[in-house]
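Working notes, structure below.
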Amino acid sequence: MKISKEKIERVARLARLDLSGDEVEKMTRQLDTILQYMAKLDELDTTGIEVSTHTLNVVNAFRDDEVRESLPREKALAAGPLQNGEAFIVPKVIK
Amino acid sequence: MYSMTIHEAKNKLAAKEITSVQLVESVLSRIDAVENHTKAYLTLDREGALAAARQADKNGGSGPLHGIPLAVKDVFCTRNMPTTCGSKILEGFVSPYDATVIEKLTDSGAILIGKVAMDEFAMGSTSENCAFQVPENPWKAGYVTGGSSGGSAAAVAADECFASLGSDTGGSIRQPASLCGIVGLKPTYGRVSRYGLVAFASSLDQVGPLTKDVRDCALMMNVIAGHDPRDSTSIKQNVPDFTTSLTDGLQGIRVGIPGEYFAEGLDPEVEKAVQNGINMLRDAGAEIVDVSLPHTEYCVAVYYLIAPAEASSNLARFDGVRFGYRDMSADSLIDMYRQSRSHGFGDEVKRRILIGTYALSAGYYDAYYKKASQVRTLIKNDFASTFSQCDLIVSPVTPTPAWKIGEKADDPLALYLSDILTISSNLAGIPGLSVPCGFSGEGLPIGMQMQAAHFNETTLLKAAWNLEQRTGLTTKKPVLP
């Protein structure tokens, strides 16, 4: 086994997902199969190989530091599920 | 009228033989006739499209897409229509701004008639992961369109729009284009702005056209390509007139055939159709050479670690606070996040968030994410050395033609493996194109994939146009009741 039920539950907590008992079972089985397959990469010796995080050699993309119009607050808030015209409202953080 | 290409419709509009209102009405009636088979549209703005067409007819205009009705994948932010990304978590969401490519299309005179179906957050190879409806292949009822830009491919193939825009993270433009018998291009990473494209995997995502023929693909590229100051990953690179590359003859072009892409598991009908296509490229003057991409067998493992890792990070923004679905019953912030995400996301999205979170988590980062990023370097190097031997790499797009809806739905790994021929272009950031090259015995389309070095889209379009002239396949249409 590459991954256990307990590990799936822990990763789900990190990812802010609630999984039902059935979902944990299914995801454990499926991720185990997938991760077994990923072990194929261990066939390759990658000592000293650089990592690629991008495909083109672009370094820093700066733009001029000019004041520009931004999205008006009313529009930025408009899609919020709960807002009061000034801010997004969320459940109490500190009890 | 709906069955015309963009360039045919453009000529008739310019000659005043037809009007934009007639074009839009023709497309709308086509949608009414076939949409119950294709199930491509998530949003259709009839009134808005007709109003825009009346305006276009009244004011005239010289934009390259003036008066042409288009539909886009529901992954692009639009001010005037909802943007769902095929997900319940974004049901009803209306963006406060238009994506750069949407602005470019409308500035060029195009008329946006609607938004089309896709796998949720572009994660999938069949469009079956769309939370609202599953589009069907216009060539055969009950068969998948491919994905994730399946609605785009179905709508274009069924003449429900003149062209569409999709996004391609691991084949999501080329694979559905191939399975639905149309042309699809994933440009070079950075060629087209992604501002307003809902992000899936940021080092891989790219925007591109799905069209009825190669000339239309070049026309669409002329409109959407170019640097955008609002997308810091878009590249300051000159944009050619892509249509000038569509000239007869492939003399001086070397076409590389990678043995690894014709490996075990390739459907014999697909192999035969692609081989026929290669012979046509030779007849057109191209030189055919054998090449090798030795790390091909590792592409799926690398991709399905890197893409989910980036997705797990990108999708953290869907937390019920600023947009989309929120579970109002939660009484703490953390519960609100967890319940909103758990109810809002579908299975495949959850699966990829879990894979990605795991691959990035303490203790596993080196073994999975770092290892995959190192092997990505080896894959990039394969392409760099191959492009010193040839101008184009030609292969199938998918190992098989389209399959039945539901057939592979419960086997995620089998679906991941079906992406083996397309994901390497994204890992290397190079452009890739799919163009029809044949049909299976069952009447399902088969596409040929062409890949070129960074920013060599013109070579792809030239070769694809030459193939298209010889196969004549882009004029073949599915028969819909």
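Each chain in the structure tokens gets a letter, A, B and so on, in the order shown; residues start at 1 in every chain, and ligands are counted from 1 in the order they appear.
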
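With only C-alpha atoms taken into account, the protein and nucleic acid residues at most 12 Å from Thr33 of chain A (excluding it and anything under 6 positions from it in its own chain) are Met1, Lys2, Ile3, Ser4, Lys26, Met27 and Ala39 of chain A; Ala301, Ile355, Asp411, Pro412, Leu413, Ala414 and Tyr416 of chain B.
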
Using only N, CA and C atoms, please write the residues we just selected to a file, as a JSON list (two decimals), in the first residue's frame.
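What landed in out.json:
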```
[["chain", "number", "residue", "atom", "x", "y", "z"],
["A", 1, "MET", "N", 0.84, -1.22, 0.00],
["A", 1, "MET", "CA", 0.00, 0.00, 0.00],
["A", 1, "MET", "C", 0.87, 1.26, 0.00],
["A", 2, "LYS", "N", 0.56, 2.18, -0.90],
["A", 2, "LYS", "CA", 1.28, 3.45, -0.96],
["A", 2, "LYS", "C", 0.67, 4.47, -0.01],
["A", 3, "ILE", "N", -0.63, 4.31, 0.24],
["A", 3, "ILE", "CA", -1.29, 5.33, 1.07],
["A", 3, "ILE", "C", -2.39, 4.67, 1.91],
["A", 4, "SER", "N", -2.53, 5.15, 3.16],
["A", 4, "SER", "CA", -3.51, 4.55, 4.06],
["A", 4, "SER", "C", -4.74, 5.45, 4.19],
["A", 26, "LYS", "N", -13.10, 4.97, -1.12],
["A", 26, "LYS", "CA", -12.91, 5.02, -2.57],
["A", 26, "LYS", "C", -11.63, 5.78, -2.94],
["A", 27, "MET", "N", -11.43, 6.93, -2.30],
["A", 27, "MET", "CA", -10.26, 7.75, -2.62],
["A", 27, "MET", "C", -8.98, 7.01, -2.22],
["A", 39, "ALA", "N", 5.19, 5.53, -8.98],
["A", 39, "ALA", "CA", 6.47, 4.97, -8.53],
["A", 39, "ALA", "C", 7.38, 4.64, -9.71],
["B", 301, "ALA", "N", 3.03, 10.07, -15.47],
["B", 301, "ALA", "CA", 3.34, 10.17, -14.03],
["B", 301, "ALA", "C", 3.75, 11.59, -13.67],
["B", 355, "ILE", "N", -4.53, 14.41, -4.49],
["B", 355, "ILE", "CA", -3.22, 13.99, -5.04],
["B", 355, "ILE", "C", -2.22, 15.14, -4.90],
["B", 411, "ASP", "N", -12.60, 4.53, -13.75],
["B", 411, "ASP", "CA", -11.20, 4.13, -13.72],
["B", 411, "ASP", "C", -10.30, 5.33, -14.02],
["B", 412, "PRO", "N", -10.05, 6.16, -12.99],
["B", 412, "PRO", "CA", -9.29, 7.40, -13.26],
["B", 412, "PRO", "C", -7.94, 7.14, -13.92],
["B", 413, "LEU", "N", -7.23, 6.10, -13.49],
["B", 413, "LEU", "CA", -5.89, 5.88, -14.04],
["B", 413, "LEU", "C", -5.96, 5.55, -15.54],
["B", 414, "ALA", "N", -6.97, 4.76, -15.95],
["B", 414, "ALA", "CA", -7.12, 4.42, -17.38],
["B", 414, "ALA", "C", -7.33, 5.69, -18.20],
["B", 416, "TYR", "N", -6.33, 8.75, -17.28],
["B", 416, "TYR", "CA", -5.07, 9.52, -17.25],
["B", 416, "TYR", "C", -4.14, 8.98, -18.34]]
```

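Set the cut-off at 6 Å, count only C-alpha atoms, and the residues of chain A near chain B turn out to be A:Arg16, A:Leu17, A:Asp18, A:Met38, A:Ile49, A:Glu50, A:Val51, A:Ser52, A:His54, A:Thr55, A:Ala61, A:Ala79, A:Gly80, A:Pro91, A:Val93.
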
> Among segment 196-262 of chain B, which residues carry a DSSP assignment of strand (DSSP E or B), reported as an MDAnalysis selection string?
Replying inline: chainID B and resid 197 206:211 225 254:258

> Quick one, how far is atom CA of Asn456 of chain B from atom CA of Leu433 of chain B?
Replying inline: 11.2 Å

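For Thr28 of chain A, the residues within 9 Å (counting only C-alpha atoms, excluding itself and residues fewer than 3 positions away along the chain) are Ile3, Ser4, Lys5, Lys7, Ile8, Glu23, Val24, Glu25, Leu31, Asp32 and Thr33 of chain A.
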
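Interatomic distance, atom CA of Thr398 of chain B against atom CA of Gly259 of chain B: 14.8 Å.
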
>> Based on the backbone DSSP call, show me all residues of segment 171-269 of chain B assigned helix (DSSP H, G or I), as a ChimeraX atom specification.
In response: /B:174-180,214-224,242-245,259-262,268-269

> Given the choices B:Met450, B:Ala286, B:Val192, B:Ala199, which gets closest to Met123 of chain B if the distance is worked out from only C-alpha atoms?
Replying inline: B:Ala199

> atom CA of Ser148 of chain B to atom CA of Thr459 of chain B: how many Å, to one decimal?
Replying inline: 25.6 Å

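Non-sequential neighbours of segment 384-388 of chain B (distance at most 8 Å, separation of 4 or more positions within a chain, only C-alpha atoms) are Val291, Ser292, Leu293, Lys380, Leu392, Ala452 and Ala453 of chain B.
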